[in-house]
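Since the structure comes first, as structure tokens, the remarks are kept for the end.
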Amino acid sequence: MLKALIIGCGNVAGGYDLLGAEREVWTHAKAYQLTPGVELVGVVDSHARVARAFAATWNVPFSTTNLEIALRKTKPDVVSICSPTNTHVLIIKELCRAGVRAILCEKPIAYDLRAAEEVVELCEKQGVLLGINYQRDWDKQSNRLRDAIRQGEFGRTELIRVFYSKGLVHSGSHFVSLLNRWFGDLKVKRMLSTFASDREEVKADFTATCPATNRIIFQSIPEQTYVLNEVEILFERGRLELKQGGLDVRWTDRHYDPLLPKDIALAQKSKRLPISLPRAMLEVLRNFTATVRGTEKLQSAPRAALQTLRFCARVRTLAQNSHA
């Protein structure tokens with residue numbers, strides 16, 4: 001039986017699953033409880049009241065505000081880092097010093113690219129399994145679409161358009177990671193407009209390229225207007241749309257226009273494709289714990305997350321330079 005510890009008792013640790021449907025699994029706590037051969041033995045939070053309430057809600061036997069005490073008392077095999085991004089690097093280093101052998105960290109690894117690279121190298125050097133939780137990298141239906149793209153089922157890629165809210169690093173990076181996984185080697189091409197940029201986050205419109213197409217457009221949508229996180233991909237044989245962050249996936253075939261028989265157009269009706277994203281966290285934990293046991297290979301290596309972070313850091317640097 002693997003023992004698991006959660007650091008940080010916020011929404012992604014357990015809160016989202018108090019709001020979602022019963023069959024959905026969005027959080028570490030619920031996924032641990034539904035993963036065979038794993039026991040959630042403790043939680044840590046900077047606020048004692050929050051830690052106690054979380055432990056009571058999820059029936060966890062131990063809670064504390066002190067990570068050192070938690071490690072000594074629970075002796076976890078697996079640790080989930082669900083604390084704020086600016087704490088990730090220090091926590092990973094502390095877990096490595098303590099001899100923890102598997103760390104599942106929420107994205108992004110860090111705001112600072114060099115610090116992120118440092119802890120990835122540290123984990124590799126010490127033989128610590130590190131996973132960065134971009135859930136779509138583990139999502140079964142997302143990976144089926146990736147395979148279909150690679151096998152040429154949709155034809156050539158004409159254009160990719162991404163709408164994102166709440167910043168590129170925290171929100172848009174989900175789609176950076178996804179496009180890297182589907183098409184490979186995403187690169188920033190040109191900045192169009194910068195709306196906000198600091199040491200942690202960037203909100204900007206820009207173009208990008210990948211081996212499949214040099215026509216990729218990212219557009220930042222102000223969350224004060226409404227939150228919009230969507231991807232539209234125009235393929236040779238039709239249009240693929242990931243709406244509501246991927247909770248609504250649609251395919252539209254091309255056909256001959258009945259009024260203009262010489263013209264090929266997109267059909268008026270799209271077909272809704274199956275999704276598995278609401279339970280992708282289960283696949284994350286299943287694969288991660290199987291990798292700990294040595295029976296599987298990690299589906300999304302930390303260097304893939306570094307590639308995503310490098311892309312975001314490049315956008316942030318270009319955005320800051322354009323405002324200089």
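Identifiers for the structure tokens are assigned positionally: chains receive A, B, ... in sequence, residues are indexed from 1 per chain, and ligands are indexed from 1 in the order shown.
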
DSSP says strand (DSSP E or B) for which residues of region 34-221 of chain A? Put them as a PyMOL selection string?
-> chain A and resi 38-44+63-64+78-81+102-106+129-133+157-164+187-197+202-210+213-220

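Residues lying within 8 Å of Arg190 (chain A), counting only C-alpha atoms and ignoring same-chain neighbours fewer than 3 positions away, are Phe206, Thr207 and Ala208 of chain A.
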
So how many Å separate CA of Phe311 (chain A) and CA of Ile6 (chain A), to one decimal?
->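 Between CA of Phe311 (chain A) and CA of Ile6 (chain A) the gap is 28.6 Å.
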
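Each of A:Asp17, A:Asp248, A:Glu201, A:Asp147 was compared to Asn229 (chain A) using only C-alpha atoms, and A:Asp248 turns out to be the nearest.
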
All residues 12 Å or closer to region 319-323 of chain A, only C-alpha atoms, same chain fewer than 4 positions away omitted, as an MDAnalysis selection string | chainID A and resid 168 188 190:206 312:315

Could you write out, as a PyMOL selection string, all the residues of region 26-226 of chain A that DSSP marks as helix (DSSP H, G or I)?
-> chain A and resi 28-34+48-57+67-74+85-98+113-126+135-137+140-150+168-183

Among A:Ile109, A:Leu306, A:Ala267, A:Leu104, Thr291 (chain A) is approached most closely, using only C-alpha atoms, by A:Leu104

Tell me which protein, DNA and RNA residues are within 10 Å of region 152-165 of chain A, counting only C-alpha atoms, leaving out same-chain ones fewer than 5 positions away, and put them as an NGL selection string.
-> :A and (145 or 147 or 170-176 or 179 or 183 or 203-205 or 207-209 or 211-243 or 245 or 253)

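Here CA of Leu18 (chain A) stands at a distance of 13.7 Å from CA of Asn59 (chain A).
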
So which one's closest to Arg150 (chain A), A:Trp182, A:Ile264, A:Lys125, A:Leu318? Using only C-alpha atoms, please.
-> A:Trp182

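Put simply, CA of Thr317 (chain A) is 11.7 Å away from CA of Asp112 (chain A).
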
Would you mind listing what lies within 10 Å of Asn11 (chain A) as a list in words, with only C-alpha atoms counted and same-chain residues fewer than 6 positions away left out?
->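 Here the qualifying residues turn out to be Asp17, Leu18, Leu19, Trp26, Thr27, His28, Cys82 and Ser83 of chain A.
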
Can you write out the residues you just picked, keeping C-alpha atoms, as a PDB file, in the first residue's frame?
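Output (part-v4.pdb):
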```pdb
ATOM      1  CA  ASP A  17     -14.951  17.870  -6.068  1.00  0.00           C
ATOM      2  CA  LEU A  18     -17.213  19.364  -3.393  1.00  0.00           C
ATOM      3  CA  LEU A  19     -18.893  21.363  -6.164  1.00  0.00           C
ATOM      4  CA  TRP A  26     -11.107  16.763 -10.463  1.00  0.00           C
ATOM      5  CA  THR A  27      -8.926  16.684  -7.350  1.00  0.00           C
ATOM      6  CA  HIS A  28      -6.038  14.857  -5.731  1.00  0.00           C
ATOM      7  CA  CYS A  82      -1.196  21.655  -4.367  1.00  0.00           C
ATOM      8  CA  SER A  83       0.133  24.817  -2.705  1.00  0.00           C
TER       9      SER A  83
END
```

May I have the residues within 8 Å of His88 (chain A) as a PDB file with C-alpha atoms, in the first residue's frame, using only C-alpha atoms and disregarding those fewer than 4 positions away in the same chain?
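part32.pdb, written as the output of this step:
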```pdb
ATOM      1  CA  ILE A  81       1.991  19.605  -4.076  1.00  0.00           C
ATOM      2  CA  SER A  83       0.133  24.817  -2.705  1.00  0.00           C
ATOM      3  CA  PRO A  84       0.655  28.208  -4.448  1.00  0.00           C
ATOM      4  CA  ILE A  92      10.319  20.010  -3.934  1.00  0.00           C
ATOM      5  CA  CYS A 105       3.207  18.834  -8.461  1.00  0.00           C
ATOM      6  CA  ILE A 109       6.451  24.098 -11.723  1.00  0.00           C
ATOM      7  CA  ALA A 110       7.524  27.658 -10.906  1.00  0.00           C
TER       8      ALA A 110
END
```

From the list A:Leu67, A:Val44, A:Leu178, A:Ile149, the nearest residue to Gln135 (chain A) using only C-alpha atoms is A:Leu178
